[in-house]
2 protein chains.
Amino acid sequence: MTNNSELDALFQSLADPTRRAILARLAHGSASVTDLFAPFDMALPSFLQHLRKLEDGGLIETTKQGRVRTCTLRVGALAPARGWMEEQRLLWEGRHDRLEDYLATLLQGPDTDG
Amino acid sequence: MTNNSELDALFQSLADPTRRAILARLAHGSASVTDLFAPFDMALPSFLQHLRKLEDGGLIETTKQGRVRTCTLRVGALAPARGWMEEQRLLWEGRHDRLEDYLATLLQGPDTDG
DNA sequence: ACTTTAGTTAGCAATATGACTAACAATTCG
DNA sequence: CGAATTGTTAGTCATATTGCTAACTAAAGT
C-alpha cells in the first residue's frame with residue numbers, strides 16, 4: 001500500500017494559513033521567533049506550536065543561540081508533496097479525453113435539471 | 001494576511017492516505033462508490049465521509065444514476081495547491097523573477113498546452 | 001411481493017488540533 | 001543584583017477529525 005505518512009504530515013503542515021505564512025516569510029530569509037511572531041494576532045505559545053509542527057514535519061530547522069532561536073527553511077522539504085502532485089497532474093491530464101467522454105454520457109441521464 | 005481558506009481545505013483533503021488513494025485511483029478513470037471502496041479496509045460510512053470531504057473540497061464530482069453514484073475527478077482542482085507550492089519553490093530558490101512568468105502559464109490552464 | 005444491492009443518515013467515541021492563560025526558565029542589560 | 005527580554009512548559013478548553021454500528025431509503029433483480 002501507498003501508506004506514505006510523510007505526505008500526511010507534509011500536507012497537514014500546509015493546511016493552516018499561519019504555517020503557510022510562516023513558510024512564505026521564511027522564504028525571504030531566516031528569522032528569530034519574535035520577528036516571525038510579530039505580524040500574528042495570537043498568543044506566543046500558540047504560535048510556537050505551529051513552529052514546532054513545522055519543525056517536526058521537517059519543513060524548518062531551528063537553532064538557539066543565547067535567548068534567540070533562529071528559524072530557517074529546509075529547502076528540499078516540499079519536494080515529496082510536489083512530487084505527488086506532479087504525479088497526479090500527469091495522470092489526471094492523461095485521462096482528460098476520457099473525462100470529456102464521460103461527461104457526455106452524463107448528459108444523457110434523467111438528471112438534467114437541478 | 002493571505003487568508004486563503006481554499007488552500008486550507010485543499011491541503012487538508014490531501015493530508016490523508018485514504019483520500020490520496022481515492023484520487024490516485026480516480027486518475028485512472030471514474031468509478032462507482034462500491035468499486036472505489038473495494039480495496040479499503042474500513043466501514044462504508046467512514047469511506048463515504050472521505051468521499052464527501054473530497055467533493056466538498058471540489059476535488060471530485062459525483063452524480064447518482066439509479067442506485068449507483070459515480071465519482072469523477074475535477075481535473076483543475078489541484079491547481080491552486082500546485083500554484084502555492086511552485087510559488088514557494090521559486091521563492092525558496094531565490095528566483096523571484098520567474099514567478100510572474102509561471103503564474104501567467106497557470107492562467108492559461110493545462111489544456112491549452114500541446 | 002420479497003430480497004439483494006448500493007448508498008445514506010444518525011449518533012457515538014477516541015483522538016487530534018489549535019487556541020488560551022499562567023507560571024516558569026534562561027539570557028542579557030543597567 | 002535586579003529587571004527586562006526571549007522563549008518554554010503545563011494545563012485547560014472547544015472544536016474538528018476519523019473511525020464505528022445500527023437503522024434506513026431507494027433501485028434492481030427474481
# chains A, B, ... in the order shown; residues from 1 in each chain; ligands from 1
$ residues_around --residues "region 9-20 of chain C" --least-positions-apart "6" --cutoff "10 Å" --atoms "only C-alpha atoms (C1' of nucleotides)" --output "mmCIF file with C-alpha atoms (C1' of nucleotides), in the first residue's frame"
data_model
loop_
_atom_site.group_PDB
_atom_site.id
_atom_site.type_symbol
_atom_site.label_atom_id
_atom_site.label_comp_id
_atom_site.auth_asym_id
_atom_site.auth_seq_id
_atom_site.Cartn_x
_atom_site.Cartn_y
_atom_site.Cartn_z
ATOM 1 C CA MET A 42 -2.291 35.230 18.598
ATOM 2 C CA ALA A 43 -0.608 34.261 21.828
ATOM 3 C CA PRO A 45 2.592 29.732 22.851
ATOM 4 C CA SER A 46 0.008 29.121 20.137
ATOM 5 C CA PHE A 47 2.453 30.395 17.584
ATOM 6 C CA GLN A 49 3.038 25.148 18.457
ATOM 7 C CA HIS A 50 2.925 25.964 14.765
ATOM 8 C CA PRO B 45 -19.879 5.090 6.048
ATOM 9 C "C1'" DT D 12 -7.322 23.810 30.110
ATOM 10 C "C1'" DC D 13 -10.943 24.183 26.647
ATOM 11 C "C1'" DA D 14 -13.680 23.966 22.293
ATOM 12 C "C1'" DT D 15 -13.959 22.024 18.044
ATOM 13 C "C1'" DA D 16 -12.673 19.002 14.188
ATOM 14 C "C1'" DT D 17 -11.370 14.631 12.519
ATOM 15 C "C1'" DT D 18 -11.929 9.852 11.774
ATOM 16 C "C1'" DG D 19 -13.442 5.776 12.855
ATOM 17 C "C1'" DC D 20 -17.558 2.686 14.228
ATOM 18 C "C1'" DT D 21 -22.538 0.425 14.419
ATOM 19 C "C1'" DA D 22 -27.326 0.369 13.593
ATOM 20 C "C1'" DA D 23 -31.059 1.551 11.101
ATOM 21 C "C1'" DC D 24 -32.760 3.404 6.997
ATOM 22 C "C1'" DT D 25 -34.062 4.628 1.796
#
$ residues_around --residues "DA25 (chain C)" --least-positions-apart "2" --cutoff "12 Å" --atoms "only C-alpha atoms (C1' of nucleotides)" --output "list in words"
Arg67 of chain A; DA23 and DT27 of chain C; DT6, DG7, DT8 and DT9 of chain D
$ residues_around --residues "Glu55 (chain B)" --least-positions-apart "3" --cutoff "10 Å" --atoms "only C-alpha atoms (C1' of nucleotides)" --output "PyMOL selection string"
chain B and resi 13+49-52+58-62+71-74
$ interface_residues --of "chain A" --to "chain D" --cutoff "8 Å" --atoms "only C-alpha atoms (C1' of nucleotides)" --output "list in words"
Thr34, Arg67, Val68 and Arg69 of chain A
$ interface_residues --of "chain A" --to "chain B" --cutoff "6 Å" --atoms "only C-alpha atoms" --output "ChimeraX atom specification"
/A:8,11-12,15-16,27,91-92
$ write_last_selection --atoms "N, CA, C and O atoms" --output "short mmCIF file (atom, residue, chain, number, x, y, z; two decimals), in the first residue's frame"
data_model
loop_
_atom_site.label_atom_id
_atom_site.label_comp_id
_atom_site.auth_asym_id
_atom_site.auth_seq_id
_atom_site.Cartn_x
_atom_site.Cartn_y
_atom_site.Cartn_z
N ASP A 8 1.31 12.64 4.65
CA ASP A 8 0.29 13.06 5.61
C ASP A 8 0.78 14.28 6.38
O ASP A 8 0.11 15.31 6.44
N PHE A 11 1.35 17.53 4.07
CA PHE A 11 0.14 18.23 3.66
C PHE A 11 -0.58 18.81 4.88
O PHE A 11 -1.14 19.90 4.83
N GLN A 12 -0.54 18.07 5.97
CA GLN A 12 -1.16 18.58 7.19
C GLN A 12 -0.49 19.88 7.63
O GLN A 12 -1.16 20.84 8.02
N ALA A 15 -1.77 22.76 5.66
CA ALA A 15 -3.21 23.02 5.70
C ALA A 15 -3.59 24.04 6.76
O ALA A 15 -4.66 23.97 7.35
N ASP A 16 -2.75 25.00 6.99
CA ASP A 16 -3.02 26.02 8.00
C ASP A 16 -2.43 27.34 7.53
O ASP A 16 -1.24 27.39 7.17
N ALA A 27 10.84 32.31 3.51
CA ALA A 27 11.42 32.22 2.17
C ALA A 27 12.27 33.45 1.85
O ALA A 27 13.17 33.39 1.02
N LEU A 91 -1.16 12.05 -14.41
CA LEU A 91 -2.22 11.05 -14.56
C LEU A 91 -3.53 11.71 -14.95
O LEU A 91 -4.21 11.27 -15.88
N TRP A 92 -3.89 12.78 -14.24
CA TRP A 92 -5.19 13.42 -14.45
C TRP A 92 -5.29 13.94 -15.88
O TRP A 92 -6.30 13.76 -16.54
#
$ closest_atom_pairs --of "chain C" --to "chain B" --cutoff "9 Å" --atoms "only C-alpha atoms (C1' of nucleotides)" --output "JSON lines"
{"residue": "C:DT5", "atom": "C1'", "partner": "B:Arg67", "partner_atom": "CA", "distance": 8.4}
{"residue": "C:DA6", "atom": "C1'", "partner": "B:Arg67", "partner_atom": "CA", "distance": 5.5}
{"residue": "C:DG7", "atom": "C1'", "partner": "B:Arg67", "partner_atom": "CA", "distance": 7.0}
{"residue": "C:DT8", "atom": "C1'", "partner": "B:Pro45", "partner_atom": "CA", "distance": 8.3}
$ atom_distance --atom1 "CA of Asp35 (chain A)" --atom2 "CA of Pro80 (chain A)"
28.8 Å
$ atom_distance --atom1 "CA of Leu36 (chain A)" --atom2 "C1' of DG30 (chain C)"
27.8 Å
$ decode --residues "region 21-36 of chain B" --atoms "N, CA, C and O atoms" --output "short mmCIF file (atom, residue, chain, number, x, y, z; two decimals), in the first residue's frame"
data_model
loop_
_atom_site.label_atom_id
_atom_site.label_comp_id
_atom_site.auth_asym_id
_atom_site.auth_seq_id
_atom_site.Cartn_x
_atom_site.Cartn_y
_atom_site.Cartn_z
N ALA B 21 -5.36 8.08 -1.95
CA ALA B 21 -5.52 6.84 -2.72
C ALA B 21 -6.76 6.91 -3.61
O ALA B 21 -6.74 6.45 -4.75
N ILE B 22 -7.82 7.49 -3.09
CA ILE B 22 -9.03 7.65 -3.90
C ILE B 22 -8.71 8.48 -5.14
O ILE B 22 -9.07 8.13 -6.26
N LEU B 23 -8.02 9.59 -4.92
CA LEU B 23 -7.69 10.46 -6.05
C LEU B 23 -6.82 9.73 -7.06
O LEU B 23 -7.06 9.80 -8.27
N ALA B 24 -5.84 9.00 -6.56
CA ALA B 24 -4.93 8.30 -7.46
C ALA B 24 -5.70 7.26 -8.27
O ALA B 24 -5.45 7.07 -9.47
N ARG B 25 -6.63 6.62 -7.61
CA ARG B 25 -7.41 5.61 -8.33
C ARG B 25 -8.32 6.25 -9.36
O ARG B 25 -8.47 5.74 -10.47
N LEU B 26 -8.94 7.35 -8.99
CA LEU B 26 -9.83 8.04 -9.92
C LEU B 26 -9.07 8.60 -11.12
O LEU B 26 -9.66 8.85 -12.17
N ALA B 27 -7.79 8.80 -10.94
CA ALA B 27 -7.00 9.31 -12.07
C ALA B 27 -7.00 8.33 -13.22
O ALA B 27 -6.79 8.72 -14.38
N HIS B 28 -7.25 7.07 -12.92
CA HIS B 28 -7.30 6.07 -13.98
C HIS B 28 -8.68 5.95 -14.61
O HIS B 28 -8.89 5.14 -15.51
N GLY B 29 -9.62 6.73 -14.09
CA GLY B 29 -10.96 6.69 -14.65
C GLY B 29 -12.02 6.79 -13.57
O GLY B 29 -11.77 6.44 -12.41
N SER B 30 -13.18 7.26 -13.92
CA SER B 30 -14.29 7.38 -12.98
C SER B 30 -14.69 6.02 -12.45
O SER B 30 -14.42 5.00 -13.07
N ALA B 31 -15.33 6.01 -11.30
CA ALA B 31 -15.71 4.74 -10.69
C ALA B 31 -16.89 4.95 -9.74
O ALA B 31 -17.11 6.05 -9.22
N SER B 32 -17.62 3.88 -9.52
CA SER B 32 -18.72 3.93 -8.57
C SER B 32 -18.18 3.88 -7.14
O SER B 32 -17.03 3.50 -6.92
N VAL B 33 -19.02 4.22 -6.19
CA VAL B 33 -18.63 4.18 -4.78
C VAL B 33 -18.18 2.78 -4.40
O VAL B 33 -17.14 2.60 -3.76
N THR B 34 -18.95 1.78 -4.78
CA THR B 34 -18.62 0.41 -4.42
C THR B 34 -17.27 -0.02 -4.99
O THR B 34 -16.46 -0.63 -4.28
N ASP B 35 -17.04 0.32 -6.25
CA ASP B 35 -15.75 -0.02 -6.86
C ASP B 35 -14.60 0.67 -6.13
O ASP B 35 -13.57 0.07 -5.83
N LEU B 36 -14.80 1.94 -5.85
CA LEU B 36 -13.75 2.69 -5.17
C LEU B 36 -13.49 2.11 -3.78
O LEU B 36 -12.35 2.04 -3.33
#
